[in-house]
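Working notes, structure below.
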Amino acid sequence: MLGKDDDGRRFLSGTFGEINGLTSPPYPGAPAFLPTREHRRFTEFADAVRAHRYIGVCWGPPGVGKTLSARHYAGAPEWEQWQRDLGEDRGPGPIPERVLQARTALWTPTVNASPRQVDQALPRSCQQISYAIDYHRHGRVDPFVHPESRSSGLTELLIIDEADRLKTTGLEQVRDYYDRHTIGMILIGMPGIDKRLGRYPQLYSRVGFAHEYRQLTPEVVEAARDALLIGH
């Protein structure tokens with residue numbers, strides 16, 4: 001926090017880099033989500049991975065809606081808004097209903113994610129969701145009193161977007177994390193990620209579901225848009 005007579009002028013000329021909070025700023029004018037047929041297929045796929053606690057692989061060309069579907073399934077927009085409100089000292093409001101229903105953590109590795117960053121990000125992403133569910137249930141977070149939230153125990157699914165970015169060590173860390181938790185996991189990437197994972201037998205042997213996110217036709221997009229307008 002700035003002092004009483006500090007106008008923060010040093011930030012104009014210094015080399016401070018980004019000051020990151022828990023979440024990025026909200027995207028202005030974000031378009032409404034279109035529940036397309038491909039999204040419904042993704043939802044069925046994610047439900048199966050979550051229910052059976054396998055690893056699932058999802059791939060498709062850029063721009064088809066893989067990330068949007070994953071974010072919508074996990075309730076990421078609502079979760080990020082809840083965290084922004086909390087960061088502004090408004091106090092913890094009710095946990096978003098979609099987050100409680102999905103019990104899903106979403107993580108996107110950086111382009112050059114180091115082994116240390118991966119080791120920190122995986123449990124941090126999942127534990128946040130478990131603690132949120134714990135808070136919803138009990139009005140407080142105390143893993144010593146309510147041990148079901150320990151070790152991300154209340155998180156049922158972890159979605160890793162842009163999984164192509166993970167190098168060999170990162171993929172091995174992902175497999176190790178999966179082995180040490182009772183959790184489903186989805187790796188989302190570009191076409192060919194399924195073949196790449198096939199080169200890692202220990203990881204690939206845990207893959208129980210595969211899903212290709214296909215290119216939408218203009219007719220399908222138009223039908224989804226009409227359905228959204230009718231719903232409003």
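Going by the structure tokens order, chains are called A, B, ..., each with residues numbered from 1, while ligands are numbered from 1 in the order shown.
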So which residues touch Asp164 in chain A within 8 Å, counting only C-alpha atoms, skipping near sequence neighbours fewer than 5 positions away, as a PyMOL selection string? chain A and resi 188-190+193
Expected file: the selected residues, N, CA, C and O atoms, as a PDB file, in the first residue's frame:
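Okay, this is what ended up in result-v4.pdb:
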ATOM      1  N   ILE A 188      -5.612 -30.723 -22.457  1.00  0.00           N
ATOM      2  CA  ILE A 188      -6.128 -30.121 -23.688  1.00  0.00           C
ATOM      3  C   ILE A 188      -4.961 -29.604 -24.522  1.00  0.00           C
ATOM      4  O   ILE A 188      -4.070 -28.919 -23.996  1.00  0.00           O
ATOM      5  N   GLY A 189      -4.980 -29.915 -25.798  1.00  0.00           N
ATOM      6  CA  GLY A 189      -3.887 -29.461 -26.650  1.00  0.00           C
ATOM      7  C   GLY A 189      -4.274 -29.448 -28.112  1.00  0.00           C
ATOM      8  O   GLY A 189      -5.436 -29.645 -28.491  1.00  0.00           O
ATOM      9  N   MET A 190      -3.278 -29.250 -28.935  1.00  0.00           N
ATOM     10  CA  MET A 190      -3.457 -29.210 -30.375  1.00  0.00           C
ATOM     11  C   MET A 190      -3.513 -30.621 -30.949  1.00  0.00           C
ATOM     12  O   MET A 190      -3.124 -31.586 -30.286  1.00  0.00           O
ATOM     13  N   ILE A 193      -1.397 -34.139 -29.901  1.00  0.00           N
ATOM     14  CA  ILE A 193      -0.975 -34.301 -28.506  1.00  0.00           C
ATOM     15  C   ILE A 193      -1.196 -35.734 -28.037  1.00  0.00           C
ATOM     16  O   ILE A 193      -0.435 -36.263 -27.218  1.00  0.00           O
TER      17      ILE A 193
END
Which residues of range 152-200 of chain A come within 7 Å of range 98-115 of chain A, and what is each one's closest atom pair and distance in Å (one decimal), counting only C-alpha atoms, sorted by chain and residue number, as CSV?
residue,atom,partner,partner_atom,distance
A:Thr155,CA,A:Arg103,CA,5.1
A:Glu156,CA,A:Arg103,CA,5.5
A:Leu157,CA,A:Thr104,CA,4.7
A:Leu158,CA,A:Ala105,CA,4.8
A:Ile159,CA,A:Leu106,CA,4.8
A:Ile160,CA,A:Trp107,CA,5.0
A:Asp161,CA,A:Thr108,CA,4.9
A:Glu162,CA,A:Thr108,CA,6.1
A:Arg165,CA,A:Val111,CA,5.7
A:Thr169,CA,A:Pro115,CA,6.9
A:Gly170,CA,A:Pro115,CA,6.2
Distance in Å - CA of Asp179 in chain A versus CA of Gly153 in chain A: 13.4 Å
Have a look at CA of Tyr54 in chain A and CA of Arg40 in chain A and let me know their distance in Å, one decimal. 19.5 Å
Looking only at the backbone, which of the residues in range 122-206 of chain A does DSSP tag as alpha helix (DSSP H), as a ChimeraX atom specification? /A:122-138,168-179,193-197,201-204
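For range 111-187 of chain A, backbone-based DSSP labels the following residues as strand (DSSP E): Leu157, Leu158, Ile159, Ile160, Gly184, Met185, Ile186 and Leu187 of chain A.
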Dump of N, CA, C and O atoms for the selected residues, as a PDB file, in the first residue's frame:
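Produced file out.pdb, reproduced below:
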ATOM      1  N   LEU A 157     -11.752 -32.905 -10.467  1.00  0.00           N
ATOM      2  CA  LEU A 157     -11.214 -32.869 -11.827  1.00  0.00           C
ATOM      3  C   LEU A 157     -10.245 -31.701 -11.961  1.00  0.00           C
ATOM      4  O   LEU A 157     -10.506 -30.604 -11.454  1.00  0.00           O
ATOM      5  N   LEU A 158      -9.136 -31.959 -12.620  1.00  0.00           N
ATOM      6  CA  LEU A 158      -8.167 -30.912 -12.973  1.00  0.00           C
ATOM      7  C   LEU A 158      -8.051 -30.867 -14.486  1.00  0.00           C
ATOM      8  O   LEU A 158      -7.738 -31.884 -15.117  1.00  0.00           O
ATOM      9  N   ILE A 159      -8.321 -29.696 -15.068  1.00  0.00           N
ATOM     10  CA  ILE A 159      -8.172 -29.496 -16.512  1.00  0.00           C
ATOM     11  C   ILE A 159      -6.909 -28.683 -16.746  1.00  0.00           C
ATOM     12  O   ILE A 159      -6.756 -27.589 -16.197  1.00  0.00           O
ATOM     13  N   ILE A 160      -6.011 -29.221 -17.544  1.00  0.00           N
ATOM     14  CA  ILE A 160      -4.786 -28.515 -17.914  1.00  0.00           C
ATOM     15  C   ILE A 160      -4.915 -28.081 -19.360  1.00  0.00           C
ATOM     16  O   ILE A 160      -4.880 -28.906 -20.285  1.00  0.00           O
ATOM     17  N   GLY A 184      -9.712 -36.896 -11.384  1.00  0.00           N
ATOM     18  CA  GLY A 184      -9.684 -37.005 -12.831  1.00  0.00           C
ATOM     19  C   GLY A 184      -8.854 -35.875 -13.404  1.00  0.00           C
ATOM     20  O   GLY A 184      -8.677 -34.830 -12.771  1.00  0.00           O
ATOM     21  N   MET A 185      -8.338 -36.066 -14.607  1.00  0.00           N
ATOM     22  CA  MET A 185      -7.470 -35.048 -15.201  1.00  0.00           C
ATOM     23  C   MET A 185      -7.695 -35.010 -16.714  1.00  0.00           C
ATOM     24  O   MET A 185      -7.790 -36.062 -17.361  1.00  0.00           O
ATOM     25  N   ILE A 186      -7.788 -33.806 -17.263  1.00  0.00           N
ATOM     26  CA  ILE A 186      -7.945 -33.630 -18.699  1.00  0.00           C
ATOM     27  C   ILE A 186      -6.788 -32.787 -19.218  1.00  0.00           C
ATOM     28  O   ILE A 186      -6.506 -31.711 -18.671  1.00  0.00           O
ATOM     29  N   LEU A 187      -6.116 -33.270 -20.254  1.00  0.00           N
ATOM     30  CA  LEU A 187      -5.054 -32.532 -20.926  1.00  0.00           C
ATOM     31  C   LEU A 187      -5.598 -32.037 -22.264  1.00  0.00           C
ATOM     32  O   LEU A 187      -6.010 -32.845 -23.100  1.00  0.00           O
TER      33      LEU A 187
END
When you look at Ser151 in chain A with a cut-off of 9 Å (counting only C-alpha atoms), what residues show up, excluding the ones that are within fewer than 5 positions of it in the same chain? I need them as a PDB file with N, CA, C and O atoms, in the first residue's frame.
ATOM      1  N   PRO A 123      -0.817 -28.402  -7.125  1.00  0.00           N
ATOM      2  CA  PRO A 123      -1.558 -28.463  -5.853  1.00  0.00           C
ATOM      3  C   PRO A 123      -2.263 -27.161  -5.511  1.00  0.00           C
ATOM      4  O   PRO A 123      -3.338 -27.177  -4.912  1.00  0.00           O
ATOM      5  N   CYS A 126      -5.664 -26.963  -7.395  1.00  0.00           N
ATOM      6  CA  CYS A 126      -6.662 -27.902  -6.879  1.00  0.00           C
ATOM      7  C   CYS A 126      -7.058 -27.590  -5.443  1.00  0.00           C
ATOM      8  O   CYS A 126      -8.233 -27.698  -5.070  1.00  0.00           O
ATOM      9  N   GLN A 127      -6.088 -27.191  -4.621  1.00  0.00           N
ATOM     10  CA  GLN A 127      -6.393 -26.952  -3.218  1.00  0.00           C
ATOM     11  C   GLN A 127      -7.318 -25.760  -3.037  1.00  0.00           C
ATOM     12  O   GLN A 127      -8.155 -25.741  -2.129  1.00  0.00           O
ATOM     13  N   SER A 130     -10.808 -27.052  -3.345  1.00  0.00           N
ATOM     14  CA  SER A 130     -11.179 -27.840  -2.163  1.00  0.00           C
ATOM     15  C   SER A 130     -11.480 -26.942  -0.970  1.00  0.00           C
ATOM     16  O   SER A 130     -12.454 -27.162  -0.233  1.00  0.00           O
ATOM     17  N   HIS A 181      -3.131 -38.596  -6.116  1.00  0.00           N
ATOM     18  CA  HIS A 181      -4.433 -38.029  -5.763  1.00  0.00           C
ATOM     19  C   HIS A 181      -5.544 -38.845  -6.415  1.00  0.00           C
ATOM     20  O   HIS A 181      -5.342 -39.479  -7.450  1.00  0.00           O
TER      21      HIS A 181
END
